[in-house]
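Visitor: Data file query.csv (CSV, C-alpha atoms) is appended below.
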```
chain,number,residue,atom,x,y,z
A,1,MET,CA,6.8,-21.1,-21.5
A,2,LYS,CA,8.2,-18.9,-24.2
A,3,LYS,CA,11.9,-18.1,-24.2
A,4,ARG,CA,12.8,-14.6,-23.2
A,5,ILE,CA,15.4,-13.4,-25.6
A,6,GLY,CA,18.1,-11.0,-24.5
A,7,SER,CA,16.9,-8.1,-26.6
A,8,LEU,CA,13.6,-8.0,-24.8
A,9,PHE,CA,15.0,-7.5,-21.4
A,10,LEU,CA,17.6,-5.1,-22.6
A,11,ALA,CA,14.7,-3.0,-24.0
A,12,LEU,CA,13.0,-3.4,-20.7
A,13,ALA,CA,16.0,-2.2,-18.7
A,14,LEU,CA,16.5,0.7,-21.1
A,15,ALA,CA,12.8,1.6,-20.7
A,16,CYS,CA,13.1,1.6,-17.0
A,17,ALA,CA,16.2,3.7,-17.1
A,18,LEU,CA,14.5,6.2,-19.3
A,19,PHE,CA,11.4,6.2,-17.1
A,20,VAL,CA,13.3,7.1,-13.9
A,21,PRO,CA,16.4,8.9,-15.3
A,22,ALA,CA,17.5,10.8,-12.2
A,23,LEU,CA,16.8,8.1,-9.6
A,24,ALA,CA,20.3,6.5,-9.6
A,25,SER,CA,21.9,9.8,-8.6
A,26,SER,CA,19.3,11.0,-6.2
A,27,GLY,CA,20.4,9.0,-3.2
A,28,ASN,CA,17.7,8.7,-0.7
A,29,SER,CA,15.8,11.7,-1.9
A,30,THR,CA,13.1,9.6,-3.6
A,31,ILE,CA,10.8,7.6,-1.4
A,32,TYR,CA,9.3,4.5,-3.0
A,33,LEU,CA,6.0,3.0,-1.7
A,34,LEU,CA,4.7,-0.4,-2.6
A,35,ALA,CA,1.3,-1.7,-3.5
A,36,VAL,CA,0.3,-5.2,-4.6
A,37,ASN,CA,-3.0,-5.5,-6.4
A,38,ASP,CA,-5.5,-3.4,-4.5
A,39,LYS,CA,-3.5,-3.1,-1.2
A,40,MET,CA,-0.8,-0.9,0.1
A,41,CYS,CA,2.0,-3.1,1.4
A,42,ASP,CA,4.3,-2.6,4.4
A,43,LEU,CA,7.0,-5.3,4.3
A,44,PRO,CA,8.8,-6.5,7.4
A,45,GLY,CA,11.9,-4.6,8.4
A,46,ASP,CA,10.6,-1.4,6.8
A,47,VAL,CA,12.1,-2.5,3.4
A,48,ARG,CA,10.9,-0.8,0.3
A,49,PRO,CA,11.6,-0.6,-3.4
A,50,VAL,CA,14.9,0.9,-4.4
A,51,ALA,CA,16.4,2.3,-7.6
A,52,VAL,CA,19.7,0.8,-8.8
A,53,ASN,CA,21.2,2.4,-11.9
A,54,GLY,CA,17.8,3.7,-12.9
A,55,VAL,CA,16.0,0.3,-12.5
A,56,ILE,CA,13.5,-0.3,-9.7
A,57,TYR,CA,14.2,-3.3,-7.6
A,58,VAL,CA,11.8,-4.8,-5.0
A,59,PRO,CA,12.4,-7.2,-2.1
A,60,TYR,CA,11.7,-10.8,-2.9
A,61,SER,CA,9.0,-10.9,-0.2
A,62,THR,CA,6.9,-8.7,-2.5
A,63,PHE,CA,5.9,-12.0,-4.1
A,64,ASP,CA,5.2,-13.8,-0.9
A,65,ARG,CA,1.5,-14.2,-0.1
A,66,SER,CA,2.1,-14.9,3.6
A,67,THR,CA,3.9,-11.5,3.8
A,68,THR,CA,1.7,-9.3,1.7
A,69,GLY,CA,-1.6,-11.0,2.2
A,70,VAL,CA,-2.0,-11.0,-1.6
A,71,ASP,CA,-1.6,-14.1,-3.9
A,72,LEU,CA,0.1,-13.0,-7.1
A,73,GLY,CA,0.5,-16.6,-8.2
A,74,VAL,CA,4.3,-16.4,-7.7
A,75,TYR,CA,6.2,-18.3,-5.0
A,76,TYR,CA,9.8,-18.3,-3.7
A,77,GLY,CA,12.4,-20.4,-2.2
A,78,ILE,CA,15.8,-19.5,-0.8
A,79,SER,CA,18.9,-21.6,-0.3
A,80,THR,CA,22.0,-20.4,1.5
A,81,GLU,CA,24.0,-23.6,1.9
A,82,GLN,CA,26.9,-22.4,-0.3
A,83,ARG,CA,25.8,-19.0,-1.4
A,84,PRO,CA,22.5,-17.1,-1.6
A,85,ILE,CA,20.2,-18.7,-4.3
A,86,LEU,CA,16.7,-17.3,-4.7
A,87,THR,CA,14.1,-19.0,-6.8
A,88,LEU,CA,10.8,-17.4,-8.0
A,89,TYR,CA,8.4,-19.8,-9.6
A,90,ALA,CA,4.9,-20.1,-10.9
A,91,LEU,CA,2.9,-22.4,-13.2
A,92,SER,CA,4.3,-20.6,-16.2
A,93,GLY,CA,8.0,-20.9,-15.4
A,94,MET,CA,10.8,-20.3,-12.9
A,95,LEU,CA,13.6,-17.8,-12.3
A,96,THR,CA,16.7,-18.8,-10.4
A,97,PHE,CA,18.9,-15.9,-9.0
A,98,ASP,CA,22.5,-16.6,-7.9
A,99,VAL,CA,22.6,-13.4,-5.8
A,100,LYS,CA,26.4,-13.4,-5.2
A,101,MET,CA,27.4,-14.2,-8.7
A,102,GLY,CA,24.9,-11.8,-10.2
A,103,VAL,CA,23.4,-14.4,-12.6
A,104,CYS,CA,19.8,-15.3,-13.3
A,105,THR,CA,18.5,-18.3,-15.4
A,106,ASP,CA,15.0,-19.4,-16.3
A,107,ASN,CA,13.6,-23.0,-16.1
A,108,LEU,CA,15.1,-23.7,-19.6
A,109,GLU,CA,18.5,-22.6,-18.3
A,110,ASN,CA,18.6,-19.5,-20.5
A,111,ILE,CA,20.7,-16.8,-19.0
A,112,MET,CA,18.6,-13.7,-18.4
A,113,ASN,CA,19.7,-10.1,-19.0
A,114,PHE,CA,18.9,-9.1,-15.4
A,115,HIS,CA,19.9,-10.2,-11.9
A,116,ALA,CA,19.2,-9.8,-8.2
A,117,VAL,CA,21.0,-7.5,-5.9
A,118,ASP,CA,21.7,-7.7,-2.2
A,119,ARG,CA,20.7,-5.0,0.3
A,120,ASN,CA,21.6,-5.7,3.9
A,121,GLY,CA,21.3,-9.4,3.4
A,122,ILE,CA,17.9,-9.2,1.5
A,123,PRO,CA,17.7,-10.2,-2.1
A,124,TYR,CA,16.0,-7.6,-4.3
A,125,VAL,CA,14.8,-8.4,-7.9
A,126,PRO,CA,14.1,-6.1,-10.8
A,127,ALA,CA,10.4,-5.4,-10.7
A,128,ALA,CA,9.6,-4.7,-14.3
A,129,ALA,CA,11.6,-7.7,-15.7
A,130,VAL,CA,10.2,-10.2,-13.1
A,131,CYS,CA,6.6,-9.0,-13.7
A,132,ASP,CA,7.0,-9.4,-17.4
A,133,PHE,CA,8.3,-12.9,-17.0
A,134,PHE,CA,5.4,-14.0,-14.9
A,135,GLY,CA,2.7,-12.1,-16.7
A,136,LEU,CA,2.2,-9.5,-14.0
A,137,LYS,CA,1.7,-5.8,-14.5
A,138,TYR,CA,4.3,-3.3,-13.2
A,139,SER,CA,3.4,0.4,-12.7
A,140,PHE,CA,5.6,3.3,-11.8
A,141,LEU,CA,3.4,6.2,-10.4
A,142,PRO,CA,5.3,9.3,-9.3
A,143,THR,CA,3.9,12.1,-7.3
A,144,THR,CA,5.2,15.5,-6.3
A,145,ASP,CA,4.2,15.3,-2.6
A,146,ARG,CA,4.0,11.7,-1.4
A,147,GLY,CA,6.9,9.8,-3.1
A,148,THR,CA,6.6,7.3,-6.0
A,149,LEU,CA,4.2,4.4,-5.9
A,150,ILE,CA,5.4,1.0,-7.3
A,151,ARG,CA,2.4,-1.1,-8.0
A,152,ILE,CA,2.4,-4.8,-9.0
A,153,THR,CA,-0.8,-6.4,-10.1
A,154,SER,CA,-2.2,-9.7,-11.3
A,155,ALA,CA,-5.4,-10.3,-13.3
A,156,SER,CA,-7.3,-10.5,-10.0
A,157,ALA,CA,-6.8,-6.8,-9.2
A,158,SER,CA,-10.1,-4.9,-9.4
A,159,MET,CA,-8.9,-1.3,-9.6
A,160,SER,CA,-7.2,0.4,-12.5
A,161,ASP,CA,-4.0,2.4,-11.6
A,162,ASN,CA,-5.9,5.7,-11.8
A,163,LEU,CA,-8.7,4.5,-9.5
A,164,PHE,CA,-6.3,2.8,-7.0
A,165,PHE,CA,-4.0,5.9,-7.0
A,166,ASP,CA,-7.0,8.1,-6.1
A,167,SER,CA,-8.2,5.8,-3.4
A,168,ALA,CA,-4.8,5.4,-1.9
A,169,LYS,CA,-3.8,9.1,-1.6
A,170,ASN,CA,-4.4,9.2,2.2
A,171,ALA,CA,-2.6,5.9,2.8
A,172,MET,CA,0.3,7.0,0.7
A,173,SER,CA,0.6,10.4,2.5
A,174,TYR,CA,0.5,8.6,5.9
A,175,ARG,CA,3.3,6.2,5.0
A,176,TYR,CA,5.3,9.0,3.2
A,177,ASN,CA,5.2,11.2,6.2
A,178,LEU,CA,6.2,8.4,8.6
A,179,ILE,CA,9.2,7.7,6.4
A,180,LEU,CA,10.2,11.4,6.3
A,181,GLN,CA,10.0,11.6,10.0
A,182,SER,CA,12.2,8.5,10.4
A,183,GLN,CA,14.8,10.0,8.0
A,184,ASN,CA,14.7,13.4,9.6
A,185,PRO,CA,14.4,12.9,13.4
A,186,GLN,CA,13.8,15.9,15.5
A,187,PRO,CA,17.0,17.4,16.9
A,188,THR,CA,17.8,16.7,20.6
A,189,ALA,CA,17.3,19.7,22.8
A,190,PRO,CA,20.7,21.1,24.0
A,191,ALA,CA,21.7,20.3,27.6
A,192,ALA,CA,20.8,22.9,30.2
A,193,THR,CA,23.6,25.3,31.2
A,194,ALA,CA,24.8,25.7,34.8
A,195,SER,CA,22.7,28.9,35.2
A,196,PRO,CA,19.6,28.2,37.3
A,197,ALA,CA,16.4,28.5,35.3
A,198,PRO,CA,13.5,30.6,36.7
A,199,THR,CA,10.7,28.6,38.3
A,200,ALA,CA,7.7,28.3,35.9
A,201,THR,CA,4.8,26.1,35.1
A,202,PRO,CA,6.0,23.7,32.3
A,203,ALA,CA,4.0,23.9,29.1
A,204,PRO,CA,2.3,20.7,28.1
A,205,SER,CA,3.9,18.9,25.1
A,206,ALA,CA,0.5,18.2,23.7
A,207,ALA,CA,-3.0,19.3,24.5
A,208,PRO,CA,-4.3,17.2,27.5
A,209,GLY,CA,-6.7,14.6,26.3
A,210,SER,CA,-5.7,15.0,22.7
A,211,LYS,CA,-6.5,11.9,20.6
A,212,ARG,CA,-4.4,12.7,17.6
A,213,ASN,CA,-2.5,9.4,17.8
A,214,VAL,CA,-5.7,7.3,17.8
A,215,ARG,CA,-7.0,6.4,14.3
A,216,VAL,CA,-10.7,6.1,13.9
A,217,TYR,CA,-12.6,4.5,11.1
A,218,LEU,CA,-16.4,4.9,10.8
A,219,ALA,CA,-18.9,2.6,9.3
A,220,VAL,CA,-22.5,3.3,8.7
A,221,GLU,CA,-24.9,0.4,8.3
A,222,ALA,CA,-26.8,2.5,5.9
A,223,TYR,CA,-29.1,-0.4,4.8
A,224,ARG,CA,-30.6,-0.3,8.3
A,225,ALA,CA,-31.1,3.5,8.6
A,226,SER,CA,-34.6,5.0,8.0
A,227,GLN,CA,-33.0,8.1,6.5
A,228,ASP,CA,-30.2,9.0,4.1
A,229,LEU,CA,-27.4,9.7,6.5
A,230,SER,CA,-25.0,11.0,3.9
A,231,ALA,CA,-26.8,14.3,4.1
A,232,TYR,CA,-25.9,14.6,7.8
A,233,TYR,CA,-22.3,13.7,7.1
A,234,ALA,CA,-22.1,16.5,4.6
A,235,ASN,CA,-22.0,18.9,7.6
A,236,TYR,CA,-18.7,17.4,8.5
A,237,SER,CA,-16.8,17.7,5.2
A,238,ASP,CA,-13.5,16.6,6.7
A,239,ILE,CA,-14.9,13.3,7.9
A,240,ARG,CA,-15.5,10.3,5.6
A,241,ALA,CA,-17.1,7.0,6.4
A,242,LEU,CA,-17.8,3.5,5.1
A,243,PHE,CA,-21.4,3.1,4.0
A,244,LEU,CA,-22.5,-0.5,4.2
A,245,TYR,CA,-25.4,-2.1,2.1
A,246,THR,CA,-26.8,-5.5,1.6
A,247,PRO,CA,-27.0,-6.4,-2.1
A,248,ASP,CA,-30.8,-6.5,-1.7
A,249,SER,CA,-30.9,-2.9,-0.4
A,250,LEU,CA,-28.9,-1.3,-3.2
A,251,ALA,CA,-31.6,-0.9,-5.8
A,252,ALA,CA,-33.9,1.0,-3.4
A,253,ARG,CA,-31.0,3.2,-2.2
A,254,ALA,CA,-29.4,3.9,-5.5
A,255,GLY,CA,-29.6,7.6,-5.1
A,256,GLU,CA,-28.1,7.5,-1.6
A,257,VAL,CA,-25.2,5.3,-2.9
A,258,ARG,CA,-24.4,7.8,-5.6
A,259,ARG,CA,-24.5,10.7,-3.2
A,260,ALA,CA,-22.3,8.9,-0.7
A,261,VAL,CA,-19.7,8.1,-3.5
A,262,ALA,CA,-19.9,11.6,-4.8
A,263,ALA,CA,-19.2,13.0,-1.3
A,264,GLY,CA,-16.0,10.8,-1.1
A,265,HIS,CA,-17.3,8.1,1.2
A,266,ALA,CA,-16.4,4.4,0.8
A,267,VAL,CA,-19.0,1.7,0.1
A,268,GLY,CA,-19.0,-1.9,1.3
A,269,LEU,CA,-21.3,-4.9,1.2
A,270,VAL,CA,-23.0,-6.8,4.0
A,271,VAL,CA,-23.3,-10.6,3.4
A,272,THR,CA,-24.8,-13.5,5.4
A,273,GLY,CA,-25.3,-17.2,5.0
A,274,THR,CA,-22.8,-19.9,3.9
A,275,ALA,CA,-19.5,-19.2,2.2
A,276,GLU,CA,-21.0,-19.9,-1.2
A,277,GLU,CA,-24.1,-17.8,-0.5
A,278,ALA,CA,-21.8,-14.9,0.6
A,279,ARG,CA,-19.8,-15.2,-2.7
A,280,GLN,CA,-23.0,-15.0,-4.7
A,281,GLN,CA,-24.2,-12.0,-2.7
A,282,LEU,CA,-20.8,-10.2,-3.2
A,283,ALA,CA,-20.9,-10.9,-7.0
A,284,ARG,CA,-24.5,-9.6,-7.2
A,285,GLY,CA,-23.7,-6.6,-5.0
A,286,ASN,CA,-20.7,-5.5,-7.1
A,287,GLU,CA,-22.7,-6.0,-10.3
A,288,LEU,CA,-25.3,-3.6,-8.9
A,289,LEU,CA,-22.7,-1.1,-7.7
A,290,GLY,CA,-21.3,-1.1,-11.2
A,291,HIS,CA,-24.6,-0.1,-12.6
A,292,ILE,CA,-25.6,2.3,-9.9
A,293,ALA,CA,-22.3,4.2,-9.3
A,294,ARG,CA,-19.7,2.6,-11.7
A,295,ILE,CA,-17.7,1.3,-8.8
A,296,ASN,CA,-17.0,-2.0,-7.1
A,297,THR,CA,-15.8,-2.8,-3.7
A,298,HIS,CA,-13.6,-5.3,-1.9
A,299,ILE,CA,-14.8,-4.3,1.6
A,300,VAL,CA,-17.3,-6.6,3.2
A,301,SER,CA,-19.0,-7.0,6.6
A,302,ALA,CA,-19.7,-10.7,7.3
A,303,PRO,CA,-20.3,-13.1,10.1
A,304,ALA,CA,-17.2,-14.0,12.1
A,305,GLU,CA,-17.1,-17.6,10.7
A,306,LEU,CA,-16.8,-16.3,7.1
A,307,VAL,CA,-14.1,-13.7,7.7
A,308,GLY,CA,-11.1,-16.0,7.4
A,309,GLY,CA,-12.2,-17.5,4.1
A,310,LEU,CA,-13.2,-14.1,2.6
A,311,GLU,CA,-9.9,-12.6,3.6
A,312,ALA,CA,-8.0,-15.5,2.0
A,313,GLU,CA,-9.9,-14.7,-1.3
A,314,GLY,CA,-8.8,-11.1,-1.2
A,315,TRP,CA,-11.7,-9.4,0.5
A,316,VAL,CA,-11.1,-6.8,3.3
A,317,CYS,CA,-13.4,-7.5,6.2
A,318,TRP,CA,-14.9,-4.7,8.3
A,319,GLN,CA,-14.9,-5.7,12.0
A,320,SER,CA,-15.9,-3.1,14.5
A,321,ASN,CA,-14.4,-2.9,17.9
A,322,VAL,CA,-16.6,0.0,19.1
A,323,SER,CA,-20.4,0.2,19.1
A,324,GLY,CA,-23.3,0.6,21.4
A,325,SER,CA,-24.7,3.6,23.3
A,326,ASP,CA,-21.4,4.8,24.9
A,327,ILE,CA,-19.2,5.1,21.8
A,328,MET,CA,-17.0,7.9,23.0
A,329,GLY,CA,-16.5,6.2,26.3
A,330,SER,CA,-15.4,3.0,24.5
A,331,LEU,CA,-13.1,5.0,22.2
A,332,ASP,CA,-11.4,6.6,25.1
A,333,ALA,CA,-10.0,3.2,26.0
A,334,LYS,CA,-8.4,2.7,22.5
A,335,ARG,CA,-4.8,3.5,22.2
A,336,ALA,CA,-4.2,3.0,18.5
A,337,VAL,CA,-7.2,2.2,16.3
A,338,GLY,CA,-11.0,2.4,16.7
A,339,TYR,CA,-13.3,0.7,14.2
A,340,VAL,CA,-16.7,2.3,15.0
A,341,ASN,CA,-20.2,1.3,14.0
A,342,ALA,CA,-21.8,4.8,13.9
A,343,PRO,CA,-25.3,5.6,15.2
A,344,LEU,CA,-28.1,5.3,12.7
A,345,SER,CA,-30.1,8.3,13.9
A,346,PRO,CA,-29.3,11.8,12.6
A,347,ALA,CA,-29.1,13.1,16.1
A,348,GLY,CA,-26.7,10.3,17.2
A,349,ALA,CA,-24.6,10.7,14.1
A,350,GLY,CA,-24.3,14.5,14.6
A,351,GLN,CA,-23.3,14.1,18.3
A,352,LEU,CA,-20.6,11.5,17.4
A,353,LEU,CA,-19.1,13.5,14.6
A,354,SER,CA,-19.0,16.6,16.7
A,355,ALA,CA,-17.4,14.8,19.6
A,356,LEU,CA,-14.8,13.2,17.3
A,357,ARG,CA,-13.8,16.5,15.9
A,358,THR,CA,-13.7,18.2,19.3
A,359,ALA,CA,-11.5,15.4,20.8
A,360,GLY,CA,-9.1,15.6,17.9
A,361,TYR,CA,-9.2,12.0,16.8
A,362,ASP,CA,-7.4,11.1,13.6
A,363,VAL,CA,-10.6,10.1,11.6
A,364,ARG,CA,-9.7,8.4,8.3
A,365,LEU,CA,-11.6,7.2,5.3
A,366,PRO,CA,-11.9,3.4,5.6
A,367,LEU,CA,-10.4,2.5,2.2
A,368,GLU,CA,-9.4,-1.0,1.2
A,369,THR,CA,-5.8,0.1,1.4
A,370,GLU,CA,-6.3,1.4,4.9
A,371,LEU,CA,-8.2,-1.6,6.4
A,372,GLY,CA,-6.4,-4.3,4.5
```
If you convert what's in this file into structure tokens, what do you get?

Guide:
Amino acid sequence: MKKRIGSLFLALALACALFVPALASSGNSTIYLLAVNDKMCDLPGDVRPVAVNGVIYVPYSTFDRSTTGVDLGVYYGISTEQRPILTLYALSGMLTFDVKMGVCTDNLENIMNFHAVDRNGIPYVPAAAVCDFFGLKYSFLPTTDRGTLIRITSASASMSDNLFFDSAKNAMSYRYNLILQSQNPQPTAPAATASPAPTATPAPSAAPGSKRNVRVYLAVEAYRASQDLSAYYANYSDIRALFLYTPDSLAARAGEVRRAVAAGHAVGLVVTGTAEEARQQLARGNELLGHIARINTHIVSAPAELVGGLEAEGWVCWQSNVSGSDIMGSLDAKRAVGYVNAPLSPAGAGQLLSALRTAGYDVRLPLETELG
């Protein structure tokens, strides 16, 4: 473990301050969203990154695999016997934060030029400095319409910042809008006056039968279809789906894969067999996807007995909860989310897409950041 000298972290702090010069004085006007590796993260208690004197701090739980579902190779411990002491540690070293005293030391007892801060009883740590200490990458990705994304990645992340940023736009907009709504609740209607109101039929608050509050994700088992269904989805340019292929089917359907990717659809892999066989299939499938369309995927459809192991290794598993002949009937029973295996016939696909649009479902692209 190399010693971190004071000048290094002073430079880091100054760089962060220069990078976000106006954040310290902007109050709550900037909304920060968090991503870890290839996944958007929603931490318990709706806690998010914050700017303190121009430096971005993240909750300690950002580095907790059981909270985020992503293993960054960094672990934590908290002691509150006398005062809050937070420890972050990895094979490469350890940081100990005395939160109350505002002091941080490494495993060699060097005093570091950064410290933790307390926000409503939760320790926050400086993101860039901690990432540098543990060999992680810190990214600050501002936007004009969906806040600023703070992304922390390890060597196991598969997407570059640019690719992840493009894939996460919908997920970011969704979270950004929810936060805005929570910060700016609708004003309460004024109480009625003593004057009697004329009798009238009340207007509905929303269209009867509207499904705007039900999210729908579509998957197409394209490897089983006798035709290229991406052409039929092109008639519904506002709807995107997950196209699933076995590794063995990719070479024969290379043109279809490229058309699906070009149209904005997601691509996933279908695997079978033992856990080791599934890993081999996934490696081969991503190698082929790299040659065919210059992409790789972390979305997989697998037998139920493989799901837990694959998710522990960072894969996002597609698991439908709606399929069969009466898809719309099954969807009507869903109150929050429907994961739909779409029909494989052009006629069935067209009927489903038309019905989803007519009913007003919130149909979303099944990205890794949405499903994970």

Visitor: Using all atoms listed in the file, determine which residues lie at most 7 Å from range 298-304 of chain A, disregarding the query and same-chain residues fewer than 6 positions distant; provide the list as a PyMOL selection string.

Guide: chain A and resi 268-272+315-319+368

Visitor: Which residues are near range 275-283 of chain A? Cut-off 8 Å, all atoms listed in the file, ignore same chain within fewer than 6 positions. Put them as a CSV table (one decimal) with C-alpha atoms, in the coordinates of the input.

Guide:
```csv
chain,number,residue,atom,x,y,z
A,247,PRO,CA,-27.0,-6.4,-2.1
A,269,LEU,CA,-21.3,-4.9,1.2
A,306,LEU,CA,-16.8,-16.3,7.1
A,309,GLY,CA,-12.2,-17.5,4.1
```

Visitor: Can you list, as a PyMOL selection string, every protein, DNA or RNA residue that comes within 7 Å of Ile78 in chain A when you count only C-alpha atoms, leaving out same-chain residues fewer than 3 positions away?

Guide: chain A and resi 85-87

Visitor: Would you pick out the contacts of Asp362 in chain A at 7 Å or less, using all atoms listed in the file, so that residues sharing its chain but fewer than 5 positions from it are not included, and give the list as a PyMOL selection string?

Guide: chain A and resi 212-216

Visitor: Report the distance between CA of Leu149 in chain A and CA of Asp64 in chain A in Å, rounded to one decimal place.

Guide: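 Taking CA of Leu149 in chain A as the start and CA of Asp64 in chain A as the end point, the length is 18.9 Å.
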
Visitor: Using all atoms listed in the file, which residue out of A:Ala51, A:Ala262, A:Ala157, A:Ala90 lies closest to Phe133 in chain A?

Guide: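 Counting all atoms listed in the file, the residue closest to Phe133 in chain A is A:Ala90.
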
Visitor: With all atoms listed in the file as the atoms that count, which of A:Met94, A:Leu344, A:Ala251, A:Cys41 lies nearest to Thr67 in chain A?

Guide: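 Ranking A:Met94, A:Leu344, A:Ala251, A:Cys41 by distance to Thr67 in chain A, first place goes to A:Cys41.
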
Visitor: Between CA of Ile327 in chain A and CA of Ala222 in chain A, what is the distance, to one decimal in Å?

Guide: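 Between CA of Ile327 in chain A and CA of Ala222 in chain A the gap is 17.8 Å.
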
Visitor: Pick from A:Ile31, A:Ala252, A:Ala359, A:Ile150: nearest to Leu180 in chain A, with only C-alpha atoms counted?

Guide: A:Ile31

Visitor: Would you compute the distance between CA of Asn296 in chain A and CA of Ser160 in chain A? Give it in Å to one decimal.

Guide: 11.4 Å

Visitor: Counting only C-alpha atoms, select every polymer residue within 6 Å of (-21.4, 7.5, 14.5) as defined in the file's coordinates, and provide the selection as a ChimeraX atom specification.

Guide: /A:342-343,349,352

Visitor: Name the closest residue to Arg284 in chain A among the candidates A:Tyr60, A:Phe140, A:Tyr76, A:Tyr245; distances are taken between atoms, counting only C-alpha atoms.

Guide: A:Tyr245

Visitor: Near range 292-295 of chain A, counting all atoms listed in the file, which residues have an atom at most 12 Å away, once you skip same-chain residues fewer than 6 positions from it, shown as an mmCIF file with C-alpha atoms, in the frame of the given file?

Guide:
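Wrote selection-v2.cif, looks like this:
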```cif
data_model
loop_
_atom_site.group_PDB
_atom_site.id
_atom_site.type_symbol
_atom_site.label_atom_id
_atom_site.label_comp_id
_atom_site.auth_asym_id
_atom_site.auth_seq_id
_atom_site.Cartn_x
_atom_site.Cartn_y
_atom_site.Cartn_z
ATOM 1 C CA SER A 158 -10.100 -4.900 -9.400
ATOM 2 C CA MET A 159 -8.900 -1.300 -9.600
ATOM 3 C CA SER A 160 -7.200 0.400 -12.500
ATOM 4 C CA LEU A 163 -8.700 4.500 -9.500
ATOM 5 C CA PHE A 164 -6.300 2.800 -7.000
ATOM 6 C CA SER A 167 -8.200 5.800 -3.400
ATOM 7 C CA PRO A 247 -27.000 -6.400 -2.100
ATOM 8 C CA LEU A 250 -28.900 -1.300 -3.200
ATOM 9 C CA ALA A 251 -31.600 -0.900 -5.800
ATOM 10 C CA ALA A 252 -33.900 1.000 -3.400
ATOM 11 C CA ARG A 253 -31.000 3.200 -2.200
ATOM 12 C CA ALA A 254 -29.400 3.900 -5.500
ATOM 13 C CA GLY A 255 -29.600 7.600 -5.100
ATOM 14 C CA GLU A 256 -28.100 7.500 -1.600
ATOM 15 C CA VAL A 257 -25.200 5.300 -2.900
ATOM 16 C CA ARG A 258 -24.400 7.800 -5.600
ATOM 17 C CA ARG A 259 -24.500 10.700 -3.200
ATOM 18 C CA ALA A 260 -22.300 8.900 -0.700
ATOM 19 C CA VAL A 261 -19.700 8.100 -3.500
ATOM 20 C CA ALA A 262 -19.900 11.600 -4.800
ATOM 21 C CA ALA A 266 -16.400 4.400 0.800
ATOM 22 C CA VAL A 267 -19.000 1.700 0.100
ATOM 23 C CA GLY A 268 -19.000 -1.900 1.300
ATOM 24 C CA GLY A 285 -23.700 -6.600 -5.000
ATOM 25 C CA ASN A 286 -20.700 -5.500 -7.100
#
```

Visitor: Pick from A:Ala355, A:Val340, A:Leu43, A:Val55: nearest to Gly69 in chain A, with all atoms listed in the file counted?

Guide: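 With all atoms listed in the file as the atom set, the closest residue is A:Leu43.
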